[in-house]
Amino acid sequence: MSQDTYELSAQLRNRTGKGAARELRRNAMVPAVIYGDKKDPLPIALSSKEVTMRIHAGGFLTTLATIEVDGVKHQVLPKDYQTDPVRDFITHVDFLRISKDSKVIVEVPVHFLNEEGSPGLKRGGVLNIVRHEIELECPAMAIPEYIEIDLTGLDIGDSIHISHVTLPANSRPTITDRDFTIATIAGSSASKSEEGEAAEAEA
C-alpha cells in the first residue's frame, strides 16, 4: 500500500446543488460523493481542513480511506478532487467504494535506484525521464507506493521500457499495445534532443 489507511468522519448531505455547496464551504466543509460498487451515490460533507491536510500529505489518490457516515463505515479510494482556480481551495472530492475484490486504475510514481551503478551516468550522461508515473490496474487492497527501476549497468544510449520493469503481483499497465519508454540514458549534449525524440515516439 502507498500509505497507512486513515479514517474520516462525514455527514450526510440532505441538499445538493451549487447553493448548498457554497453554504457548506462557508462553514469550512467540502462537498463530496461516494459512488460505485453497484450502489447509489452517497452525497456527503467533510471537514475542509482535514481533507486539505490529507491531500497535502501526498499519495491522496493512491491511499485507501475509511469514511464514517451516520455510524456506517465505507472503505473508499479517492478518485478525484477539484480546486477553486482563483483561491486554490478544495471544492469537491469524489470517492470510489472499495471491496476486497475491487481493482482500480492509479498513477504510481517511478523511483530510480543505483545511479552510481550506471556507467553512462558515471561518464556524464543524463537520465531523461519520459514517464514520472506509470498508470496501473491493480487490486485496490494492494496499491503499490511506487515502482522501482534499477539503473545498474545502463550506458549512454540505453532505454528503459515497461517490459524491463518488474511490476507487483496482479498489477498490469493500462497501456498494452506497445512497449512504452519510461526513461533513457543520453549523452549530456544530446539530452534535450533525445528526450524530445522519446516524447515524440510516445505520441
# chains A, B, ... in the order shown; residues from 1 in each chain; ligands from 1
>>> closest_atom_pairs(of="segment 115-164 of chain A", to="segment 46-68 of chain A", cutoff="10 Å", atoms="only C-alpha atoms", output="tab-separated table")
residue	atom	partner	partner_atom	distance
A:Ala140	CA	A:Leu64	CA	7.9
A:Met141	CA	A:Leu64	CA	7.9
A:Ala142	CA	A:Leu64	CA	9.7
A:Ile143	CA	A:Thr62	CA	6.7
A:Pro144	CA	A:Thr62	CA	8.2
A:Glu145	CA	A:Thr62	CA	7.6
>>> residues_around(residues="segment 11-21 of chain A", least_positions_apart="5", cutoff="12 Å", atoms="only C-alpha atoms", output="number ranges by chain")
A: 26-34, 41-47, 67-73, 90-93
>>> residues_around(residues="Phe112 of chain A", least_positions_apart="3", cutoff="12 Å", atoms="only C-alpha atoms", output="short mmCIF file (atom, residue, chain, number, x, y, z; two decimals) with N, CA and C atoms, in the first residue's frame")
data_model
loop_
_atom_site.label_atom_id
_atom_site.label_comp_id
_atom_site.auth_asym_id
_atom_site.auth_seq_id
_atom_site.Cartn_x
_atom_site.Cartn_y
_atom_site.Cartn_z
N PRO A 109 4.02 6.50 -8.93
CA PRO A 109 5.30 7.14 -9.23
C PRO A 109 6.43 6.14 -9.43
N GLU A 115 21.96 4.98 -9.24
CA GLU A 115 22.54 5.83 -10.29
C GLU A 115 24.05 5.66 -10.34
N GLU A 116 24.64 5.40 -9.17
CA GLU A 116 26.10 5.22 -9.13
C GLU A 116 26.54 3.95 -9.85
N GLY A 117 25.62 3.04 -10.10
CA GLY A 117 25.94 1.80 -10.80
C GLY A 117 25.75 1.87 -12.30
N SER A 118 25.41 3.04 -12.82
CA SER A 118 25.21 3.21 -14.26
C SER A 118 26.48 3.77 -14.90
N LEU A 127 20.04 11.18 -17.14
CA LEU A 127 18.84 10.36 -17.07
C LEU A 127 17.65 11.22 -17.52
N ASN A 128 17.10 10.88 -18.68
CA ASN A 128 15.92 11.58 -19.18
C ASN A 128 14.69 10.76 -18.84
N ILE A 129 13.86 11.31 -17.97
CA ILE A 129 12.67 10.60 -17.52
C ILE A 129 11.50 10.97 -18.42
N ARG A 131 8.52 9.18 -18.35
CA ARG A 131 7.32 8.99 -17.54
C ARG A 131 7.71 8.98 -16.06
N HIS A 132 7.22 9.98 -15.34
CA HIS A 132 7.46 10.01 -13.90
C HIS A 132 6.49 9.11 -13.15
N GLU A 133 5.40 8.73 -13.81
CA GLU A 133 4.41 7.84 -13.23
C GLU A 133 3.98 6.81 -14.27
N TYR A 146 5.19 2.88 -4.99
CA TYR A 146 5.99 3.33 -6.12
C TYR A 146 6.54 2.11 -6.86
N ILE A 147 7.05 2.36 -8.04
CA ILE A 147 7.70 1.32 -8.84
C ILE A 147 9.19 1.63 -8.87
N GLU A 148 10.02 0.63 -8.56
CA GLU A 148 11.46 0.82 -8.53
C GLU A 148 12.10 0.32 -9.83
N ILE A 149 13.02 1.14 -10.36
CA ILE A 149 13.76 0.77 -11.57
C ILE A 149 15.25 0.88 -11.27
N ASP A 150 15.97 -0.22 -11.47
CA ASP A 150 17.39 -0.29 -11.18
C ASP A 150 18.20 0.19 -12.39
N LEU A 151 19.06 1.18 -12.19
CA LEU A 151 19.86 1.72 -13.28
C LEU A 151 21.23 1.04 -13.42
N THR A 152 21.50 0.05 -12.62
CA THR A 152 22.79 -0.62 -12.65
C THR A 152 23.09 -1.16 -14.05
N LEU A 154 23.43 0.38 -16.92
CA LEU A 154 22.91 1.09 -18.09
C LEU A 154 23.91 2.13 -18.59
N ILE A 160 14.92 2.40 -21.08
CA ILE A 160 14.18 1.54 -20.14
C ILE A 160 12.73 1.51 -20.61
N VAL A 165 10.58 -3.75 -16.52
CA VAL A 165 10.20 -3.43 -15.14
C VAL A 165 9.45 -4.61 -14.52
N ILE A 182 10.09 4.47 -20.53
CA ILE A 182 9.98 5.15 -19.24
C ILE A 182 11.11 6.16 -19.06
N ALA A 183 12.31 5.79 -19.50
CA ALA A 183 13.46 6.70 -19.36
C ALA A 183 14.56 6.27 -20.33
N THR A 184 15.49 7.19 -20.59
CA THR A 184 16.65 6.90 -21.42
C THR A 184 17.90 7.47 -20.74
#
>>> atom_distance(atom1="atom CA of Phe95 of chain A", atom2="atom CA of Tyr81 of chain A")
9.0 Å
>>> closest_residue(among="A:Ile162, A:Ile156, A:Val76, A:Val86", to="Val126 of chain A", atoms="only C-alpha atoms")
A:Ile156
>>> closest_residue(among="A:Asp88, A:Gly153, A:Leu77, A:Arg97", to="Asn114 of chain A", atoms="only C-alpha atoms")
A:Gly153
>>> atom_distance(atom1="atom CA of Val108 of chain A", atom2="atom CA of Asn170 of chain A")
14.4 Å
>>> select_by_dssp(residues="chain A", states="alpha helix (DSSP H)", output="PyMOL selection string")
chain A and resi 18-26+48-56+119-122+191-202
>>> closest_residue(among="A:Pro139, A:Gly187, A:Gly124, A:Gly36", to="Gly157 of chain A", atoms="only C-alpha atoms")
A:Gly187
>>> select_by_dssp(residues="segment 54-132 of chain A", states="strand (DSSP E or B)", output="PyMOL selection string")
chain A and resi 65-69+72-83+90-97+103-113+126-129
>>> atom_distance(atom1="atom CA of Arg172 of chain A", atom2="atom CA of Ile98 of chain A")
18.8 Å
>>> residues_around(residues="Thr174 of chain A", least_positions_apart="4", cutoff="8 Å", atoms="only C-alpha atoms", output="PDB file with C-alpha atoms, in the first residue's frame")
ATOM      1  CA  ILE A 105      -6.567   2.261 -12.041  1.00  0.00           C
ATOM      2  CA  GLU A 135      -0.714   4.044 -14.873  1.00  0.00           C
ATOM      3  CA  LEU A 136      -1.510   0.602 -13.470  1.00  0.00           C
ATOM      4  CA  GLU A 137      -4.560  -1.544 -12.968  1.00  0.00           C
TER       5      GLU A 137
END
